Amino acid sequence: MSEHKKEPIDEAALNQAHNNKMRKIKVARDKLMATKHEEKGLIIVHTGAGKGKSSSGFGMIMRCIAHKMPCAVVQFIKGTWRTGERDFLEKQFQKECIFIVSGEGFTWETQDRERDIAAARAGWSKAKELILDPNIKFVLLDEINIALRYDYLDIDEVVEFLLHEKPPMTHVVLTGRNAKDELIEAADLVTEMTLIKHPFRDGIKAQIGIEF
């Protein structure tokens, strides 16, 4: 029985084919980028059942600090939960990033709707103040979608403010599950985190450095 011998790989031909392909992609990309010259402050929504919504928002906060862009965080719902992001920013970057905590804890912990509503509205009031501050260029509204989901805040008021009162060059990120349709429609950029697998389902609790 004869054995089939593999043809030797022509690395030079592969490299040339790759270079030709990348050259075509670059031409197409450059042509596309030539049409993109507008700048604006974006309304960004991170939602979905998967992990990473707040983590992504805080990653953007790190970028802002690196670029010397004054920024702020208003944290809804998670008030009593000491997260690594909060400790880090409050201890290391107080001047670069304002950090406001408006929630008193998860809704199932407080079990007091009136207090939750009051805390959410106080947070939204502070958020509007920060967004309107001409010195602040990026505001993260962490877990505000939860407050909107439970109608602690008026979705129409939030959308109206973002569309018509937010300064043109200020970026605002809104995180949390179950973003309302009105907010998704108003946003410039929406990312849905999809849950495929999570260790919590296997009885593993939230891990430091991963979840908080």
# chains A, B, ... in the order shown; residues from 1 in each chain; ligands from 1
$ select_by_dssp --residues "segment 19-126 of chain A" --states "strand (DSSP E or B)" --output "list in words"
Ile43, Ile44, Val45, His46, Thr47, Cys71, Ala72, Val73, Val74, Gln75, Cys97, Ile98, Phe99, Ile100 and Val101 of chain A
$ write_last_selection --atoms "C-alpha atoms" --output "CSV table (one decimal), in the first residue's frame"
chain,number,residue,atom,x,y,z
A,43,ILE,CA,-24.6,57.1,24.8
A,44,ILE,CA,-23.4,53.6,25.5
A,45,VAL,CA,-25.4,50.7,27.0
A,46,HIS,CA,-24.0,47.5,28.4
A,47,THR,CA,-26.8,45.0,29.1
A,71,CYS,CA,-14.5,61.1,34.7
A,72,ALA,CA,-17.0,60.0,37.2
A,73,VAL,CA,-18.9,57.0,38.4
A,74,VAL,CA,-22.4,56.9,39.9
A,75,GLN,CA,-23.1,53.5,41.3
A,97,CYS,CA,-12.4,60.2,39.0
A,98,ILE,CA,-15.4,61.2,41.2
A,99,PHE,CA,-17.1,58.1,42.7
A,100,ILE,CA,-20.6,58.4,44.0
A,101,VAL,CA,-22.5,55.6,45.7
$ residues_around --residues "Ile136 of chain A" --least-positions-apart "2" --cutoff "6 Å" --atoms "only C-alpha atoms" --output "list in words"
Pro70, Cys71, Asp133, Pro134 and Phe138 of chain A
$ closest_atom_pairs --of "segment 114-207 of chain A" --to "segment 57-68 of chain A" --cutoff "10 Å" --atoms "only C-alpha atoms" --output "JSON lines"
{"residue": "A:Lys137", "atom": "CA", "partner": "A:Cys64", "partner_atom": "CA", "distance": 8.5}
{"residue": "A:Phe138", "atom": "CA", "partner": "A:Cys64", "partner_atom": "CA", "distance": 7.5}
{"residue": "A:Val139", "atom": "CA", "partner": "A:Ile61", "partner_atom": "CA", "distance": 8.4}
{"residue": "A:Leu140", "atom": "CA", "partner": "A:Gly57", "partner_atom": "CA", "distance": 6.6}
{"residue": "A:Leu141", "atom": "CA", "partner": "A:Gly57", "partner_atom": "CA", "distance": 8.7}
{"residue": "A:Asp142", "atom": "CA", "partner": "A:Gly57", "partner_atom": "CA", "distance": 7.7}
{"residue": "A:Val172", "atom": "CA", "partner": "A:Gly57", "partner_atom": "CA", "distance": 9.8}
{"residue": "A:Val173", "atom": "CA", "partner": "A:Gly57", "partner_atom": "CA", "distance": 6.8}
{"residue": "A:Leu174", "atom": "CA", "partner": "A:Gly57", "partner_atom": "CA", "distance": 8.2}
{"residue": "A:Thr175", "atom": "CA", "partner": "A:Gly57", "partner_atom": "CA", "distance": 7.5}
$ write_last_selection --atoms "N, CA and C atoms" --output "compact mmCIF listing (two decimals), in the first residue's frame"
# COMPACT_ATOMS: atom_id res chain seq x y z
N LYS A 137 -15.75 64.51 31.23
CA LYS A 137 -15.94 64.06 29.85
C LYS A 137 -16.54 62.66 29.73
N PHE A 138 -16.61 61.92 30.84
CA PHE A 138 -17.08 60.53 30.78
C PHE A 138 -17.75 60.20 32.11
N VAL A 139 -18.98 59.69 32.05
CA VAL A 139 -19.71 59.32 33.27
C VAL A 139 -20.24 57.90 33.13
N LEU A 140 -19.90 57.07 34.10
CA LEU A 140 -20.39 55.69 34.15
C LEU A 140 -21.54 55.61 35.15
N LEU A 141 -22.72 55.21 34.68
CA LEU A 141 -23.89 55.02 35.53
C LEU A 141 -24.05 53.51 35.74
N ASP A 142 -23.37 53.02 36.76
CA ASP A 142 -23.28 51.58 36.96
C ASP A 142 -24.56 51.02 37.58
N VAL A 172 -21.52 58.88 28.07
CA VAL A 172 -22.23 58.31 29.21
C VAL A 172 -22.44 56.82 28.96
N VAL A 173 -22.05 56.00 29.93
CA VAL A 173 -22.24 54.55 29.85
C VAL A 173 -23.25 54.14 30.92
N LEU A 174 -24.23 53.34 30.51
CA LEU A 174 -25.27 52.85 31.41
C LEU A 174 -25.22 51.33 31.42
N THR A 175 -25.04 50.75 32.60
CA THR A 175 -24.90 49.29 32.67
C THR A 175 -26.06 48.67 33.43
$ residues_around --residues "Ala120 of chain A" --least-positions-apart "2" --cutoff "9 Å" --atoms "only C-alpha atoms" --output "number ranges by chain"
A: 76-77, 102-103, 115-118, 122-125, 144, 147, 152-153
$ closest_residue --among "A:Ser54, A:Val158, A:Glu7, A:Asn135" --to "Gly84 of chain A" --atoms "only C-alpha atoms"
A:Ser54
$ atom_distance --atom1 "atom CA of Asn145 of chain A" --atom2 "atom CA of Arg177 of chain A"
6.2 Å
$ select_by_dssp --residues "segment 88-200 of chain A" --states "helix (DSSP H, G or I)" --output "number ranges by chain"
A: 88-92, 107-110, 113-132, 144-149, 155-164, 181-186, 199-200
$ closest_residue --among "A:Glu85, A:Glu165, A:Asp188, A:Asp30" --to "Gly209 of chain A" --atoms "only C-alpha atoms"
A:Glu85
$ closest_residue --among "A:Ala186, A:Met22, A:Phe93, A:Ala34" --to "His164 of chain A" --atoms "only C-alpha atoms"
A:Ala186
$ atom_distance --atom1 "atom CA of Ala49 of chain A" --atom2 "atom CA of Thr191 of chain A"
11.3 Å
$ residues_around --residues "Ile155 of chain A" --least-positions-apart "4" --cutoff "10 Å" --atoms "only C-alpha atoms" --output "JSON, numbers by chain"
{"A": [145, 147, 148, 149, 151, 159, 160, 161, 180, 181, 182, 183]}
$ write_last_selection --atoms "C-alpha atoms" --output "PDB file, in the first residue's frame"
ATOM      1  CA  ASN A 145     -30.647  49.741  34.255  1.00  0.00           C
ATOM      2  CA  ALA A 147     -33.218  51.102  38.827  1.00  0.00           C
ATOM      3  CA  LEU A 148     -34.965  51.734  35.509  1.00  0.00           C
ATOM      4  CA  ARG A 149     -36.240  48.163  35.328  1.00  0.00           C
ATOM      5  CA  ASP A 151     -39.295  51.973  37.719  1.00  0.00           C
ATOM      6  CA  VAL A 159     -33.780  59.341  27.815  1.00  0.00           C
ATOM      7  CA  GLU A 160     -34.953  62.925  27.342  1.00  0.00           C
ATOM      8  CA  PHE A 161     -32.046  64.217  29.417  1.00  0.00           C
ATOM      9  CA  LYS A 180     -35.387  49.179  28.450  1.00  0.00           C
ATOM     10  CA  ASP A 181     -36.248  49.449  24.786  1.00  0.00           C
ATOM     11  CA  GLU A 182     -36.431  53.237  24.960  1.00  0.00           C
ATOM     12  CA  LEU A 183     -32.846  53.424  26.190  1.00  0.00           C
TER      13      LEU A 183
END
$ closest_residue --among "A:Ala127, A:Ile204, A:Ile9, A:Met169" --to "Lys40 of chain A" --atoms "only C-alpha atoms"
A:Met169
$ closest_residue --among "A:Leu42, A:Leu89, A:Ile210, A:Leu132" --to "Leu189 of chain A" --atoms "only C-alpha atoms"
A:Leu42
